[in-house]
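Accompanying notes for the structure given below.
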Amino acid sequence: MNNNNAGSEGVRYVQQNSPHNMMALGDPLARTVPKEVLNTPGGFAWWYVDTINADGDGVVVIWSFGLPFLPGYLSQARQGRGLAARLRPSFNISVYQNGKRAFYLLQEYDPEQVSYDPSGNFRFGENRITKETPGRLSLHIQCPIPNCRSPLIGSLQLHGAPALLPEGHQPSDRLEHRWTPVLGPSKLTGQLNTASEQYVVNGAAYHDRNEGTQRLDNLGIKYWSWGRLVTSSYTFIWYLLFPDAGEPLAWGIQINIGGEISLHSPLTIHLHHQQRSIFGLTTWRHLKLLDTSGEPWLMATFGHRLDNGPFYARTSATVKTAHAHGVGLSEWVAPARVDQAIHRPLVRMAVHRVNGSNSPWLPLFSGPRSGRMKRLLSWNAQDGG
């Protein structure tokens, strides 16, 4: 790849080829995660569902084994004493209103509280994810909220066409890191309730999974940017992978209403207006991906951070393609910064161990945005950690 610094216009990368070892494309129709992934210390498997609208209202749900962001998980694996991925299960739900996070939980469960069967059904405590038919998923939510008598309760219904690899394209059998879009353009509907809040969910949705036997910080990825736009007819996905050495690789994915995947590569990358968060994480304001004819395949402008941390950020994104435009989501990750000792106390504040000890600051970062200070004060008054 050739790198041409465009001065005030940003940075341009001309991608010469697409093969790489940082990430492979998995089989959307596969129901199970290989046992090697679940049994590997430092391995990971997570399933991701989201929706967001133009007003900044949305929800993100992630259920996982070996989520790399859990405090202590990667650091223990680096030291050669890590736990198998299946021994660190977690469930995460974020709700956004008007472009701000209105509700948040990242909960870690004991392995005995979690089950997973070959049909693609999961149980995390009282939360249940059920695969009713191909392309239809039910999420029954019942999450305890730290220092709150009433849990988060509700149900979400996800439906769309199962994703299908292009004809003649074989899914990778490499287990180091596979990313898989599960559905084409989808719909997520439902309702979530706390004792004081009600969140109605109804919008275009996205669903994928990631799995791997290598530690996230051992994949040769210095930095990545992922994002998506979902309309009634198409899903557009981009992945920018910056290797430890060399220049970035762009993946472009388009999925139609029938679930058929189209791969777009090579792509020329234009990044404009570099930004750095208060935690030191680098992001960009604008992205443009050009196809081989030099025409824009996708353009994105990234909004303010919905979630912000030392190794991870989630932002809204205004996206335009030749076929569609609208609001999507984007994530930015720096794997080498994940689970560093200097950041770990901050991360612990936001992780709820359902049957374990917790940070005394947990209620300030968990549950509904309203009432957090009151829950924090009463939590510590009774030694609730």
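Please note that chains go A, B, ... in the order of the structure tokens, that every chain numbers its residues from 1, and that ligands are numbered from 1 in the order shown.
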Determine, for each residue of range 164-220 of chain A having at least one atom at most 10 Å from an atom of range 45-49 of chain A, the closest pair of atoms and their separation in Å to one decimal, counting only C-alpha atoms; order by chain and ascending number, as JSON lines.
```
{"residue": "A:His177", "atom": "CA", "partner": "A:Ala45", "partner_atom": "CA", "distance": 9.5}
{"residue": "A:Arg178", "atom": "CA", "partner": "A:Ala45", "partner_atom": "CA", "distance": 9.5}
{"residue": "A:Trp179", "atom": "CA", "partner": "A:Ala45", "partner_atom": "CA", "distance": 9.8}
{"residue": "A:Thr180", "atom": "CA", "partner": "A:Trp47", "partner_atom": "CA", "distance": 9.6}
{"residue": "A:Pro181", "atom": "CA", "partner": "A:Tyr48", "partner_atom": "CA", "distance": 9.7}
{"residue": "A:Val182", "atom": "CA", "partner": "A:Trp47", "partner_atom": "CA", "distance": 9.3}
{"residue": "A:Leu188", "atom": "CA", "partner": "A:Val49", "partner_atom": "CA", "distance": 8.7}
{"residue": "A:Ala205", "atom": "CA", "partner": "A:Val49", "partner_atom": "CA", "distance": 7.1}
{"residue": "A:Tyr206", "atom": "CA", "partner": "A:Val49", "partner_atom": "CA", "distance": 5.6}
{"residue": "A:His207", "atom": "CA", "partner": "A:Val49", "partner_atom": "CA", "distance": 4.5}
{"residue": "A:Asp208", "atom": "CA", "partner": "A:Tyr48", "partner_atom": "CA", "distance": 5.4}
{"residue": "A:Arg209", "atom": "CA", "partner": "A:Trp47", "partner_atom": "CA", "distance": 4.4}
{"residue": "A:Asn210", "atom": "CA", "partner": "A:Trp46", "partner_atom": "CA", "distance": 5.4}
{"residue": "A:Glu211", "atom": "CA", "partner": "A:Ala45", "partner_atom": "CA", "distance": 4.2}
{"residue": "A:Gly212", "atom": "CA", "partner": "A:Ala45", "partner_atom": "CA", "distance": 6.6}
{"residue": "A:Thr213", "atom": "CA", "partner": "A:Ala45", "partner_atom": "CA", "distance": 8.9}
```
Find the spatial neighbours of Pro134 in chain A, counting only C-alpha atoms, within a cut-off of 9 Å - ignore same-chain residues fewer than 2 positions away - and output them as a PyMOL selection string. chain A and resi 29+131-132+136-137+159-162
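Every residue of range 28-148 of chain A found in alpha helix (DSSP H) when DSSP is run on the backbone appears here: Lys35, Glu36, Val37, Leu38, Asn39, Tyr73, Leu74, Ser75, Gln76, Ala77 and Arg78 of chain A.
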Give me a file of those residues, with C-alpha atoms, as a tab-separated table (two decimals), in the first residue's frame.
```
chain	number	residue	atom	x	y	z
A	35	LYS	CA	-14.96	-25.62	21.40
A	36	GLU	CA	-11.38	-24.49	20.82
A	37	VAL	CA	-12.55	-20.88	21.09
A	38	LEU	CA	-14.50	-21.37	24.32
A	39	ASN	CA	-11.74	-23.44	25.95
A	73	TYR	CA	-9.08	-11.17	31.47
A	74	LEU	CA	-6.37	-10.20	28.98
A	75	SER	CA	-3.73	-9.36	31.57
A	76	GLN	CA	-3.98	-12.82	33.11
A	77	ALA	CA	-3.71	-14.43	29.67
A	78	ARG	CA	-0.63	-12.31	28.91
```
Identify all residues of range 154-193 of chain A in strand (DSSP E or B) (DSSP on the backbone) and supply them as a list of chain:residue names.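 Reading the DSSP output for range 154-193 of chain A, strand (DSSP E or B) covers A:Gly154, A:Ser155, A:Leu156, A:Gln157, A:Leu158, A:His159, A:Gly160, A:Ala161, A:Pro162, A:Leu164, A:Arg178, A:Trp179, A:Thr180, A:Pro181, A:Leu183, A:Gly184, A:Pro185, A:Ser186, A:Lys187, A:Leu188, A:Thr189, A:Gly190, A:Gln191, A:Leu192, A:Asn193.
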Shell around range 263-269 of chain A at 9 Å using only C-alpha atoms, local window under 6 positions removed, as a ChimeraX atom specification: /A:11-18,166,240,248-255,287-292,294,297
Between A:Gln107, A:Thr194, A:Asn147, A:Ser64, which residue has the minimum interatomic distance to Lys374 in chain A, considering only C-alpha atoms?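 For Lys374 in chain A, the nearest of the given residues is A:Asn147.
In this comparison, which uses only C-alpha atoms, the residue of A:Val61, A:Ala322, A:Ala334, A:Ala317 approaching Leu219 in chain A most closely is A:Ala334.
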Grab the CA of Ala313 in chain A to CA of Val333 in chain A distance for me, in Å with one decimal place. 6.8 Å
Hey, what's within 8 Å of Ser150 in chain A if we count only C-alpha atoms and toss same-chain stuff fewer than 4 positions away? As number ranges by chain, please? A: 144-145, 194-195
Atoms kept (N, CA and C atoms) for selection, written as a short mmCIF file (atom, residue, chain, number, x, y, z; two decimals), in the first residue's frame:
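Saved file part.cif follows:
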```cif
data_model
loop_
_atom_site.label_atom_id
_atom_site.label_comp_id
_atom_site.auth_asym_id
_atom_site.auth_seq_id
_atom_site.Cartn_x
_atom_site.Cartn_y
_atom_site.Cartn_z
N PRO A 144 -30.53 -7.61 36.99
CA PRO A 144 -30.51 -6.86 38.24
C PRO A 144 -29.74 -5.56 38.06
N ILE A 145 -30.18 -4.51 38.73
CA ILE A 145 -29.53 -3.21 38.68
C ILE A 145 -28.88 -2.96 40.03
N THR A 194 -37.58 -0.12 33.63
CA THR A 194 -37.10 -0.13 34.99
C THR A 194 -38.25 0.35 35.88
N ALA A 195 -38.01 0.52 37.16
CA ALA A 195 -39.07 1.00 38.05
C ALA A 195 -39.51 2.40 37.69
#
```
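Shortest separation to Gly56 in chain A among A:Val95, A:Leu158, A:Val33, A:Val338 occurs at residue A:Val95, atoms counted being only C-alpha atoms.
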Rounded to one decimal in Å, what is the spacing between CA of Pro28 in chain A and CA of Arg228 in chain A?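 Computing it gives 17.0 Å between the two atoms.
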Using only C-alpha atoms, can you tell me which of A:Gly10, A:Pro111, A:Gly309, A:Gly184 comes closest to Val354 in chain A? A:Pro111
